[in-house]
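Trainee: Just query.pdb, nothing more (PDB, C-alpha atoms):
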```pdb
ATOM      1  CA  MET A 466       0.000   0.000   0.000
ATOM      2  CA  PRO A 467       1.559   3.344  -1.043
ATOM      3  CA  THR A 468       2.452   5.736   1.739
ATOM      4  CA  SER A 469       1.745   9.441   1.595
ATOM      5  CA  PRO A 470       4.767  11.717   1.080
ATOM      6  CA  PRO A 471       6.126  13.624   4.078
ATOM      7  CA  PRO A 472       4.654  17.102   4.519
ATOM      8  CA  LEU A 473       6.079  20.015   2.586
ATOM      9  CA  VAL A 474       7.663  22.682   4.787
ATOM     10  CA  SER A 475       7.950  26.238   3.505
ATOM     11  CA  VAL A 476      10.830  28.203   5.011
ATOM     12  CA  VAL A 477      10.624  31.995   4.781
ATOM     13  CA  THR A 478      13.806  34.059   4.933
ATOM     14  CA  ALA A 479      13.600  37.826   4.473
ATOM     15  CA  THR A 480      16.925  39.515   3.857
ATOM     16  CA  TYR A 481      18.216  43.047   3.518
ATOM     17  CA  ASN A 482      21.944  43.653   3.046
ATOM     18  CA  MET A 483      22.919  40.361   4.660
ATOM     19  CA  GLY A 484      25.451  39.263   2.067
ATOM     20  CA  ARG A 485      27.859  38.687   4.949
ATOM     21  CA  TYR A 486      25.762  35.840   6.394
ATOM     22  CA  ILE A 487      23.037  34.781   3.953
ATOM     23  CA  ARG A 488      25.053  31.915   2.443
ATOM     24  CA  GLU A 489      25.450  30.251   5.858
ATOM     25  CA  THR A 490      21.726  30.633   6.496
ATOM     26  CA  VAL A 491      20.683  29.156   3.157
ATOM     27  CA  ASP A 492      23.118  26.263   3.403
ATOM     28  CA  SER A 493      21.882  25.381   6.899
ATOM     29  CA  ILE A 494      18.281  25.198   5.657
ATOM     30  CA  LEU A 495      19.116  23.148   2.583
ATOM     31  CA  ALA A 496      21.100  20.736   4.791
ATOM     32  CA  GLN A 497      17.944  19.646   6.654
ATOM     33  CA  THR A 498      17.551  15.889   7.000
ATOM     34  CA  HIS A 499      13.864  16.412   6.219
ATOM     35  CA  GLY A 500      14.257  16.771   2.479
ATOM     36  CA  ARG A 501      10.786  17.934   1.410
ATOM     37  CA  LEU A 502      11.073  21.671   1.791
ATOM     38  CA  GLU A 503      11.019  24.878  -0.176
ATOM     39  CA  LEU A 504      13.028  27.930   0.789
ATOM     40  CA  ILE A 505      11.495  31.274  -0.129
ATOM     41  CA  ILE A 506      14.042  34.086   0.066
ATOM     42  CA  VAL A 507      12.625  37.584  -0.116
ATOM     43  CA  ASP A 508      15.400  40.047  -0.955
ATOM     44  CA  ASP A 509      13.965  43.314   0.318
ATOM     45  CA  GLY A 510      15.899  45.673  -1.936
ATOM     46  CA  SER A 511      19.439  44.792  -0.835
ATOM     47  CA  THR A 512      22.161  47.177  -2.006
ATOM     48  CA  ASP A 513      25.159  45.070  -0.930
ATOM     49  CA  ASP A 514      26.401  41.834  -2.514
ATOM     50  CA  THR A 515      23.321  39.816  -1.450
ATOM     51  CA  PRO A 516      22.049  39.377  -5.062
ATOM     52  CA  GLU A 517      25.449  38.062  -6.174
ATOM     53  CA  VAL A 518      25.630  35.620  -3.259
ATOM     54  CA  LEU A 519      22.113  34.336  -3.913
ATOM     55  CA  ALA A 520      22.799  33.903  -7.631
ATOM     56  CA  ALA A 521      24.744  30.768  -6.705
ATOM     57  CA  TYR A 522      21.418  29.072  -5.858
ATOM     58  CA  ALA A 523      19.756  29.776  -9.206
ATOM     59  CA  GLY A 524      19.846  26.076 -10.140
ATOM     60  CA  GLU A 525      18.614  24.796  -6.767
ATOM     61  CA  PRO A 526      14.998  23.620  -7.260
ATOM     62  CA  ARG A 527      14.154  24.000  -3.568
ATOM     63  CA  VAL A 528      15.001  27.716  -3.568
ATOM     64  CA  ARG A 529      12.694  30.459  -4.810
ATOM     65  CA  LEU A 530      14.081  33.971  -4.829
ATOM     66  CA  VAL A 531      11.746  36.957  -4.745
ATOM     67  CA  ARG A 532      13.230  40.421  -5.213
ATOM     68  CA  GLN A 533      11.305  43.563  -4.351
ATOM     69  CA  ALA A 534      11.846  47.212  -3.525
ATOM     70  CA  ASN A 535      12.660  47.836   0.109
ATOM     71  CA  THR A 536       9.466  47.805   2.177
ATOM     72  CA  GLY A 537      10.762  46.600   5.560
ATOM     73  CA  GLN A 538      10.987  43.203   7.231
ATOM     74  CA  THR A 539       7.281  42.911   8.061
ATOM     75  CA  ALA A 540       6.050  43.299   4.485
ATOM     76  CA  ALA A 541       8.910  41.109   3.242
ATOM     77  CA  LYS A 542       7.955  38.265   5.567
ATOM     78  CA  ASN A 543       4.299  38.566   4.532
ATOM     79  CA  ARG A 544       5.407  38.350   0.898
ATOM     80  CA  GLY A 545       7.162  35.121   1.757
ATOM     81  CA  LEU A 546       4.011  33.788   3.420
ATOM     82  CA  ARG A 547       1.971  34.558   0.309
ATOM     83  CA  GLU A 548       4.468  32.582  -1.782
ATOM     84  CA  ALA A 549       4.501  29.596   0.590
ATOM     85  CA  ARG A 550       2.875  26.326  -0.477
ATOM     86  CA  GLY A 551       3.744  24.064   2.439
ATOM     87  CA  GLU A 552       1.511  22.601   5.109
ATOM     88  CA  PHE A 553       3.995  23.866   7.716
ATOM     89  CA  ILE A 554       5.986  27.088   7.802
ATOM     90  CA  GLY A 555       9.331  27.880   9.386
ATOM     91  CA  PHE A 556      11.224  31.152   9.615
ATOM     92  CA  CYS A 557      14.947  31.758   9.608
ATOM     93  CA  ASP A 558      16.407  35.254   9.655
ATOM     94  CA  ALA A 559      19.256  35.872   7.275
ATOM     95  CA  ASP A 560      21.965  35.850   9.949
ATOM     96  CA  ASP A 561      20.927  32.695  11.853
ATOM     97  CA  ARG A 562      21.597  28.995  11.206
ATOM     98  CA  TRP A 563      19.342  25.961  11.601
ATOM     99  CA  LEU A 564      20.760  22.698  12.916
ATOM    100  CA  PRO A 565      20.407  19.874  10.356
ATOM    101  CA  ASP A 566      17.720  17.861  12.169
ATOM    102  CA  LYS A 567      15.522  20.784  13.250
ATOM    103  CA  LEU A 568      12.552  19.847  11.060
ATOM    104  CA  ALA A 569      12.992  16.102  11.556
ATOM    105  CA  ARG A 570      12.708  16.590  15.314
ATOM    106  CA  GLN A 571       9.782  19.014  15.249
ATOM    107  CA  LEU A 572       7.449  17.693  12.530
ATOM    108  CA  PRO A 573       6.503  14.407  14.294
ATOM    109  CA  ARG A 574       5.180  16.417  17.242
ATOM    110  CA  PHE A 575       2.224  17.554  15.131
ATOM    111  CA  GLU A 576       1.037  14.002  14.437
ATOM    112  CA  GLY A 577      -2.198  13.216  16.245
ATOM    113  CA  ALA A 578      -2.418  16.773  17.624
ATOM    114  CA  PRO A 579      -4.799  18.677  15.326
ATOM    115  CA  ARG A 580      -4.972  21.732  17.624
ATOM    116  CA  LEU A 581      -1.210  22.051  17.951
ATOM    117  CA  GLY A 582      -0.299  25.205  16.056
ATOM    118  CA  VAL A 583       3.334  25.881  16.965
ATOM    119  CA  VAL A 584       6.276  23.708  18.000
ATOM    120  CA  TYR A 585       9.290  25.672  19.199
ATOM    121  CA  GLY A 586      12.617  24.855  20.770
ATOM    122  CA  ASP A 587      15.845  26.262  22.175
ATOM    123  CA  PHE A 588      18.826  27.990  20.605
ATOM    124  CA  ASP A 589      22.520  28.526  21.206
ATOM    125  CA  CYS A 590      24.039  31.950  20.645
ATOM    126  CA  ILE A 591      26.966  32.573  18.323
ATOM    127  CA  ASP A 592      28.838  35.805  17.679
ATOM    128  CA  GLY A 593      29.455  37.628  14.424
ATOM    129  CA  GLU A 594      32.207  35.179  13.507
ATOM    130  CA  GLY A 595      30.125  32.096  14.288
ATOM    131  CA  ARG A 596      31.820  31.328  17.611
ATOM    132  CA  PRO A 597      29.742  30.073  20.573
ATOM    133  CA  THR A 598      28.888  32.741  23.129
ATOM    134  CA  THR A 599      26.792  33.018  26.278
ATOM    135  CA  THR A 600      23.193  31.922  25.757
ATOM    136  CA  PRO A 601      20.423  33.297  27.994
ATOM    137  CA  ARG A 602      17.790  30.859  29.243
ATOM    138  CA  TRP A 603      14.277  31.583  30.462
ATOM    139  CA  PRO A 604      11.142  29.575  31.315
ATOM    140  CA  CYS A 605       9.139  28.283  28.353
ATOM    141  CA  PHE A 606       5.594  26.941  28.337
ATOM    142  CA  SER A 607       3.297  24.624  26.398
ATOM    143  CA  GLY A 608      -0.449  24.362  25.867
ATOM    144  CA  ARG A 609      -2.668  27.431  25.849
ATOM    145  CA  ILE A 610      -0.096  30.060  26.698
ATOM    146  CA  THR A 611      -1.753  33.444  26.027
ATOM    147  CA  GLY A 612      -1.538  34.744  29.596
ATOM    148  CA  LYS A 613       2.106  33.762  30.071
ATOM    149  CA  LEU A 614       3.049  34.914  26.575
ATOM    150  CA  LEU A 615       1.608  38.391  27.162
ATOM    151  CA  VAL A 616       4.162  38.864  29.943
ATOM    152  CA  ASP A 617       7.165  38.131  27.719
ATOM    153  CA  ASN A 618       7.881  36.527  24.360
ATOM    154  CA  PHE A 619       9.559  33.201  25.104
ATOM    155  CA  VAL A 620       8.748  31.693  21.656
ATOM    156  CA  HIS A 621      12.014  32.411  19.876
ATOM    157  CA  PHE A 622      11.240  33.179  16.246
ATOM    158  CA  PRO A 623      13.698  31.014  14.238
ATOM    159  CA  THR A 624      13.075  27.964  16.433
ATOM    160  CA  ALA A 625       9.333  27.851  15.666
ATOM    161  CA  LEU A 626       7.611  25.534  13.206
ATOM    162  CA  VAL A 627       4.024  26.615  12.551
ATOM    163  CA  ARG A 628       0.988  24.965  11.062
ATOM    164  CA  ARG A 629       0.082  26.940   7.951
ATOM    165  CA  GLU A 630      -3.606  26.983   8.904
ATOM    166  CA  ALA A 631      -2.741  28.731  12.171
ATOM    167  CA  VAL A 632      -0.763  31.481  10.408
ATOM    168  CA  GLU A 633      -3.515  32.063   7.862
ATOM    169  CA  GLN A 634      -6.223  32.148  10.524
ATOM    170  CA  ALA A 635      -4.232  34.770  12.462
ATOM    171  CA  GLY A 636      -3.766  36.892   9.333
ATOM    172  CA  GLY A 637       0.014  36.866   9.062
ATOM    173  CA  PHE A 638       2.254  39.670  10.302
ATOM    174  CA  ASP A 639       0.882  43.093  11.197
ATOM    175  CA  GLU A 640       2.486  45.559   8.802
ATOM    176  CA  SER A 641       1.821  48.524  11.098
ATOM    177  CA  LEU A 642       4.583  47.137  13.350
ATOM    178  CA  THR A 643       8.288  47.347  12.531
ATOM    179  CA  MET A 644       9.521  45.160  15.395
ATOM    180  CA  ALA A 645       8.037  42.608  17.835
ATOM    181  CA  ILE A 646       6.153  41.240  14.830
ATOM    182  CA  ASP A 647       6.661  37.610  15.826
ATOM    183  CA  TYR A 648       5.465  38.373  19.370
ATOM    184  CA  ASP A 649       2.267  39.874  17.973
ATOM    185  CA  LEU A 650       1.717  36.887  15.665
ATOM    186  CA  TRP A 651       2.261  34.336  18.449
ATOM    187  CA  LEU A 652      -0.251  36.115  20.672
ATOM    188  CA  ARG A 653      -2.926  36.026  17.986
ATOM    189  CA  ILE A 654      -2.221  32.376  17.180
ATOM    190  CA  SER A 655      -2.329  31.499  20.895
ATOM    191  CA  LEU A 656      -5.997  32.490  21.090
ATOM    192  CA  ASP A 657      -7.032  29.377  19.148
ATOM    193  CA  TRP A 658      -4.061  27.008  19.053
ATOM    194  CA  ASP A 659      -1.802  25.063  21.398
ATOM    195  CA  PHE A 660       1.955  25.621  21.581
ATOM    196  CA  LEU A 661       4.549  22.970  22.396
ATOM    197  CA  HIS A 662       8.014  23.709  23.726
ATOM    198  CA  VAL A 663      10.557  20.972  23.029
ATOM    199  CA  PRO A 664      13.683  21.598  25.147
ATOM    200  CA  GLU A 665      16.175  20.807  22.401
ATOM    201  CA  THR A 666      18.566  23.170  20.640
ATOM    202  CA  VAL A 667      17.528  23.566  17.000
ATOM    203  CA  VAL A 668      18.983  26.955  16.008
ATOM    204  CA  GLU A 669      22.208  28.920  16.231
ATOM    205  CA  TYR A 670      21.155  32.514  16.905
ATOM    206  CA  ARG A 671      23.686  35.145  15.920
ATOM    207  CA  LEU A 672      24.395  38.136  18.147
ATOM    208  CA  TRP A 673      26.309  40.856  16.337
ATOM    209  CA  GLU A 674      26.585  44.614  16.171
ATOM    210  CA  GLY A 675      24.304  45.200  13.183
ATOM    211  CA  GLN A 676      21.189  43.220  14.039
ATOM    212  CA  MET A 677      17.742  44.755  14.521
ATOM    213  CA  SER A 678      17.259  43.444  18.054
ATOM    214  CA  HIS A 679      19.734  46.060  19.276
ATOM    215  CA  ARG A 680      17.157  48.787  18.527
ATOM    216  CA  THR A 681      15.737  48.525  22.036
ATOM    217  CA  GLY A 682      13.704  51.725  22.070
ATOM    218  CA  GLU A 683      11.902  50.904  18.843
ATOM    219  CA  ARG A 684      11.276  47.346  19.992
ATOM    220  CA  LEU A 685       9.763  48.541  23.270
ATOM    221  CA  ASP A 686       7.580  51.123  21.510
ATOM    222  CA  ASN A 687       6.230  48.412  19.224
ATOM    223  CA  ALA A 688       5.654  46.064  22.162
ATOM    224  CA  PHE A 689       3.583  48.649  24.039
ATOM    225  CA  ARG A 690       1.481  49.385  20.954
ATOM    226  CA  MET A 691       0.979  45.699  20.269
ATOM    227  CA  MET A 692      -0.029  44.872  23.840
ATOM    228  CA  LYS A 693      -2.518  47.737  24.083
ATOM    229  CA  ARG A 694      -4.188  46.757  20.835
ATOM    230  CA  PHE A 695      -4.214  43.037  21.606
ATOM    231  CA  LEU A 696      -5.971  43.582  24.933
ATOM    232  CA  ALA A 697      -8.441  46.007  23.354
ATOM    233  CA  ASP A 698      -9.214  43.654  20.457
ATOM    234  CA  HIS A 699      -9.470  40.512  22.593
ATOM    235  CA  PRO A 700     -11.099  41.364  25.931
ATOM    236  CA  GLY A 701     -11.210  38.412  28.255
ATOM    237  CA  SER A 702      -8.326  36.621  26.526
ATOM    238  CA  VAL A 703      -6.263  36.888  29.718
ATOM    239  CA  THR A 704      -7.234  37.298  33.371
ATOM    240  CA  PRO A 705      -6.961  40.704  35.126
ATOM    241  CA  ALA A 706      -4.074  39.321  37.180
ATOM    242  CA  GLU A 707      -2.234  38.219  34.024
ATOM    243  CA  SER A 708      -2.799  41.646  32.470
ATOM    244  CA  ARG A 709      -1.426  43.448  35.544
ATOM    245  CA  TYR A 710       1.606  41.170  35.590
ATOM    246  CA  ALA A 711       2.268  41.750  31.887
ATOM    247  CA  TRP A 712       2.095  45.529  32.190
ATOM    248  CA  THR A 713       4.296  45.503  35.286
ATOM    249  CA  TYR A 714       6.892  43.364  33.538
ATOM    250  CA  THR A 715       6.933  45.589  30.448
ATOM    251  CA  TYR A 716       7.105  48.861  32.406
ATOM    252  CA  VAL A 717       9.990  47.520  34.492
ATOM    253  CA  THR A 718      11.796  46.420  31.313
ATOM    254  CA  ARG A 719      11.480  49.907  29.831
ATOM    255  CA  ALA A 720      12.449  51.525  33.144
ATOM    256  CA  CYS A 721      15.669  49.479  33.195
ATOM    257  CA  TRP A 722      16.440  50.620  29.663
ATOM    258  CA  HIS A 723      15.741  54.288  30.493
ATOM    259  CA  ALA A 724      17.951  54.054  33.586
ATOM    260  CA  GLY A 725      20.767  52.519  31.555
ATOM    261  CA  GLN A 726      20.537  55.454  29.148
ATOM    262  CA  GLY A 727      20.694  57.951  32.017
ATOM    263  CA  ARG A 728      17.046  59.012  31.693
ATOM    264  CA  ILE A 729      16.280  58.796  35.398
ATOM    265  CA  ARG A 730      13.032  60.774  35.277
ATOM    266  CA  ALA A 731      11.608  58.539  32.549
ATOM    267  CA  ALA A 732      12.749  55.444  34.463
ATOM    268  CA  ALA A 733      11.084  56.692  37.659
ATOM    269  CA  SER A 734       7.838  57.270  35.762
ATOM    270  CA  ASP A 735       7.810  53.701  34.450
ATOM    271  CA  TYR A 736       8.700  52.258  37.859
ATOM    272  CA  LEU A 737       5.749  54.172  39.329
ATOM    273  CA  ARG A 738       3.396  52.787  36.654
ATOM    274  CA  ALA A 739       4.617  49.282  37.434
ATOM    275  CA  ALA A 740       4.183  49.757  41.186
ATOM    276  CA  ARG A 741       0.597  50.920  40.755
ATOM    277  CA  ARG A 742      -0.241  47.602  39.083
ATOM    278  CA  ARG A 743       1.762  45.155  41.243
ATOM    279  CA  PRO A 744       3.315  46.901  44.255
ATOM    280  CA  TRP A 745       4.535  43.539  45.595
ATOM    281  CA  ASP A 746       6.327  42.531  42.380
ATOM    282  CA  ARG A 747       9.753  41.075  43.186
ATOM    283  CA  ARG A 748      11.312  41.964  39.835
ATOM    284  CA  LEU A 749      10.202  45.586  40.266
ATOM    285  CA  TRP A 750      11.957  45.982  43.615
ATOM    286  CA  LYS A 751      15.087  44.137  42.517
ATOM    287  CA  SER A 752      15.330  46.414  39.505
ATOM    288  CA  LEU A 753      14.810  49.518  41.641
ATOM    289  CA  ALA A 754      17.538  48.358  44.006
ATOM    290  CA  ARG A 755      19.999  47.819  41.146
ATOM    291  CA  CYS A 756      19.131  51.234  39.744
ATOM    292  CA  ALA A 757      19.668  52.907  43.117
ATOM    293  CA  LEU A 758      22.987  51.127  43.651
ATOM    294  CA  GLY A 759      24.117  52.117  40.184
ATOM    295  CA  ARG A 760      23.312  55.756  40.903
ATOM    296  CA  ALA A 761      25.153  55.549  44.219
TER     297      ALA A 761
END
```
Is it possible to give me this structure as structure tokens?

Mentor:
Amino acid sequence: MPTSPPPLVSVVTATYNMGRYIRETVDSILAQTHGRLELIIVDDGSTDDTPEVLAAYAGEPRVRLVRQANTGQTAAKNRGLREARGEFIGFCDADDRWLPDKLARQLPRFEGAPRLGVVYGDFDCIDGEGRPTTTPRWPCFSGRITGKLLVDNFVHFPTALVRREAVEQAGGFDESLTMAIDYDLWLRISLDWDFLHVPETVVEYRLWEGQMSHRTGERLDNAFRMMKRFLADHPGSVTPAESRYAWTYTYVTRACWHAGQGRIRAAASDYLRAARRRPWDRRLWKSLARCALGRA
């Protein structure tokens, strides 16, 4: 009796001026032990040597290259989603690397779990030269995770494998946001789908001087906008206690950043907002103590 082919996985990589790293990224995806995949590379108007680097893959049938004028990472990723044909979708930024058995380890988790929307894992950090560096760790959760996810985004973007139906139902990435776009997508998916954390390293995440995640102020601004709108659009999706905890956590995070930049008045304002929501919050008082000691 003939067996059905393994599922097709669409991998979306948006790139802008990543000629320095894009070859490593592409090679790591094409080296997957799960062979039935398509890689959709959206070159978002690169002006460096990215087009020349990608020309080497012109004869690779698993690679589809889409070039467009620069519109930003959010629109570029949505373009990749529109091009995708797979039952499952993965994402890999153009400076990260997948481990070879990432898909082979994650795909079986979806079998017999029709409401499982996202399987995600762990990562190890590398520096700009590809050398191992310190990797932060934080608690991760499975199941219906909306309340915990609103506090902080623990679903690391390149580690996630997503059921296509879940992405389509959520409507893809919100193009009014420039950062925290994966966080926003995970929250919307979490309203209707289960998440599964598998504590295995599946990605090498690159930390280097030019990456977008260093734009802390912009990321925080986007996070505040996204949280406000999510709670307004989905009342009752989290408990009042979860909402208070999430706002406290986010205000403390921004207060720490303000304090580190020397903006003490702005930091004090955010600490006060946090204290009004959860005056007993341990992280709030630890952060205040560190700030006071730093000033002293």

Trainee: What does the PyMOL selection byres ((chain A and resi 519-534) around 10) select in this file, as a PyMOL selection string?

Mentor: chain A and resi 475-480+484+487-488+491-492+495+500-511+514-518+535-537+541+544-545+548-549

Trainee: For the residues in that selection, give me C-alpha atoms as a JSON list (two decimals), in the coordinates of the input.

Mentor:
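Writing done, so here's part-v3.json:
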```json
[["chain", "number", "residue", "atom", "x", "y", "z"],
["A", 475, "SER", "CA", 7.95, 26.24, 3.50],
["A", 476, "VAL", "CA", 10.83, 28.20, 5.01],
["A", 477, "VAL", "CA", 10.62, 32.00, 4.78],
["A", 478, "THR", "CA", 13.81, 34.06, 4.93],
["A", 479, "ALA", "CA", 13.60, 37.83, 4.47],
["A", 480, "THR", "CA", 16.92, 39.52, 3.86],
["A", 484, "GLY", "CA", 25.45, 39.26, 2.07],
["A", 487, "ILE", "CA", 23.04, 34.78, 3.95],
["A", 488, "ARG", "CA", 25.05, 31.92, 2.44],
["A", 491, "VAL", "CA", 20.68, 29.16, 3.16],
["A", 492, "ASP", "CA", 23.12, 26.26, 3.40],
["A", 495, "LEU", "CA", 19.12, 23.15, 2.58],
["A", 500, "GLY", "CA", 14.26, 16.77, 2.48],
["A", 501, "ARG", "CA", 10.79, 17.93, 1.41],
["A", 502, "LEU", "CA", 11.07, 21.67, 1.79],
["A", 503, "GLU", "CA", 11.02, 24.88, -0.18],
["A", 504, "LEU", "CA", 13.03, 27.93, 0.79],
["A", 505, "ILE", "CA", 11.50, 31.27, -0.13],
["A", 506, "ILE", "CA", 14.04, 34.09, 0.07],
["A", 507, "VAL", "CA", 12.62, 37.58, -0.12],
["A", 508, "ASP", "CA", 15.40, 40.05, -0.96],
["A", 509, "ASP", "CA", 13.96, 43.31, 0.32],
["A", 510, "GLY", "CA", 15.90, 45.67, -1.94],
["A", 511, "SER", "CA", 19.44, 44.79, -0.84],
["A", 514, "ASP", "CA", 26.40, 41.83, -2.51],
["A", 515, "THR", "CA", 23.32, 39.82, -1.45],
["A", 516, "PRO", "CA", 22.05, 39.38, -5.06],
["A", 517, "GLU", "CA", 25.45, 38.06, -6.17],
["A", 518, "VAL", "CA", 25.63, 35.62, -3.26],
["A", 535, "ASN", "CA", 12.66, 47.84, 0.11],
["A", 536, "THR", "CA", 9.47, 47.80, 2.18],
["A", 537, "GLY", "CA", 10.76, 46.60, 5.56],
["A", 541, "ALA", "CA", 8.91, 41.11, 3.24],
["A", 544, "ARG", "CA", 5.41, 38.35, 0.90],
["A", 545, "GLY", "CA", 7.16, 35.12, 1.76],
["A", 548, "GLU", "CA", 4.47, 32.58, -1.78],
["A", 549, "ALA", "CA", 4.50, 29.60, 0.59]]
```

Trainee: Could you check which of A:Arg485, A:Arg730, A:His621, A:Arg694 is closest to Tyr670 (chain A), using only C-alpha atoms?

Mentor: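 Using only C-alpha atoms, the shortest distance to Tyr670 (chain A) belongs to A:His621.
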
Trainee: Which residues come within 7 Å of Gly582 (chain A), counting only C-alpha atoms, excluding same-chain residues fewer than 3 positions away, as a list of chain:residue names?

Mentor: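 The neighbour list is A:Val627, A:Arg628, A:Ala631, A:Trp658, A:Asp659, A:Phe660.
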
Trainee: Could those selected residues go to a file with C-alpha atoms, as a PDB file, in the coordinates of the input?

Mentor:
```pdb
ATOM      1  CA  VAL A 627       4.024  26.615  12.551  1.00  0.00           C
ATOM      2  CA  ARG A 628       0.988  24.965  11.062  1.00  0.00           C
ATOM      3  CA  ALA A 631      -2.741  28.731  12.171  1.00  0.00           C
ATOM      4  CA  TRP A 658      -4.061  27.008  19.053  1.00  0.00           C
ATOM      5  CA  ASP A 659      -1.802  25.063  21.398  1.00  0.00           C
ATOM      6  CA  PHE A 660       1.955  25.621  21.581  1.00  0.00           C
TER       7      PHE A 660
END
```

Trainee: If I take CA of Asp639 (chain A) and CA of Leu685 (chain A), how far is one from the other in Å, to one decimal?

Mentor: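 Spanning CA of Asp639 (chain A) to CA of Leu685 (chain A) is a straight-line distance of 15.9 Å.
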
Trainee: Would you list the residues near (1.9, 39.9, 32.1) (no more than 8 Å away, in the coordinates of the file, using all atoms listed in the file) as a VMD selection string?

Mentor: chain A and resid 612 to 617 706 to 715

Trainee: For Thr624 (chain A), find every residue with an atom within 7 Å (counting all atoms listed in the file), except residues of its own chain fewer than 3 positions away, and show them as JSON, numbers by chain.

Mentor: {"A": [585, 586, 587, 621, 667, 668]}

Trainee: Please list, as a count of residues only, the residues that have an atom at most 7 Å away from (18.7, 18.1, 11.4) in the coordinates of this file, counting all atoms listed in the file.

Mentor: 8

Trainee: Using all atoms listed in the file, which residue out of A:Ala697, A:Val717, A:Cys557, A:Ile646 lies closest to Arg741 (chain A)?

Mentor: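 The closest residue to Arg741 (chain A) is A:Val717.
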
Trainee: Choose the residue, out of A:Cys756, A:Cys590, A:Leu696, A:Leu656, that has the smallest atom-to-atom separation from Gly725 (chain A); count all atoms listed in the file.

Mentor: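 Looking only at the distances to Gly725 (chain A), the closest residue turns out to be A:Cys756.
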
Trainee: The PyMOL selection byres ((chain A and resi 735) around 10) on the file shown: which residues, as a list in words?

Mentor: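 On the file shown, the PyMOL selection byres ((chain A and resi 735) around 10) covers Thr713, Thr715, Tyr716, Val717, Thr718, Arg719, Ala720, Cys721, His723, Ile729, Arg730, Ala731, Ala732, Ala733, Ser734, Tyr736, Leu737, Arg738, Ala739, Ala740 and Arg741 of chain A.
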
Trainee: Only C-alpha atoms needed: put region 563-599 of chain A from the block into a file as a compact mmCIF listing (two decimals), in the first residue's frame.

Mentor:
```txt
# COMPACT_ATOMS: atom_id res chain seq x y z
CA TRP A 563 19.34 25.96 11.60
CA LEU A 564 20.76 22.70 12.92
CA PRO A 565 20.41 19.87 10.36
CA ASP A 566 17.72 17.86 12.17
CA LYS A 567 15.52 20.78 13.25
CA LEU A 568 12.55 19.85 11.06
CA ALA A 569 12.99 16.10 11.56
CA ARG A 570 12.71 16.59 15.31
CA GLN A 571 9.78 19.01 15.25
CA LEU A 572 7.45 17.69 12.53
CA PRO A 573 6.50 14.41 14.29
CA ARG A 574 5.18 16.42 17.24
CA PHE A 575 2.22 17.55 15.13
CA GLU A 576 1.04 14.00 14.44
CA GLY A 577 -2.20 13.22 16.24
CA ALA A 578 -2.42 16.77 17.62
CA PRO A 579 -4.80 18.68 15.33
CA ARG A 580 -4.97 21.73 17.62
CA LEU A 581 -1.21 22.05 17.95
CA GLY A 582 -0.30 25.21 16.06
CA VAL A 583 3.33 25.88 16.96
CA VAL A 584 6.28 23.71 18.00
CA TYR A 585 9.29 25.67 19.20
CA GLY A 586 12.62 24.86 20.77
CA ASP A 587 15.84 26.26 22.18
CA PHE A 588 18.83 27.99 20.61
CA ASP A 589 22.52 28.53 21.21
CA CYS A 590 24.04 31.95 20.64
CA ILE A 591 26.97 32.57 18.32
CA ASP A 592 28.84 35.80 17.68
CA GLY A 593 29.46 37.63 14.42
CA GLU A 594 32.21 35.18 13.51
CA GLY A 595 30.13 32.10 14.29
CA ARG A 596 31.82 31.33 17.61
CA PRO A 597 29.74 30.07 20.57
CA THR A 598 28.89 32.74 23.13
CA THR A 599 26.79 33.02 26.28
```
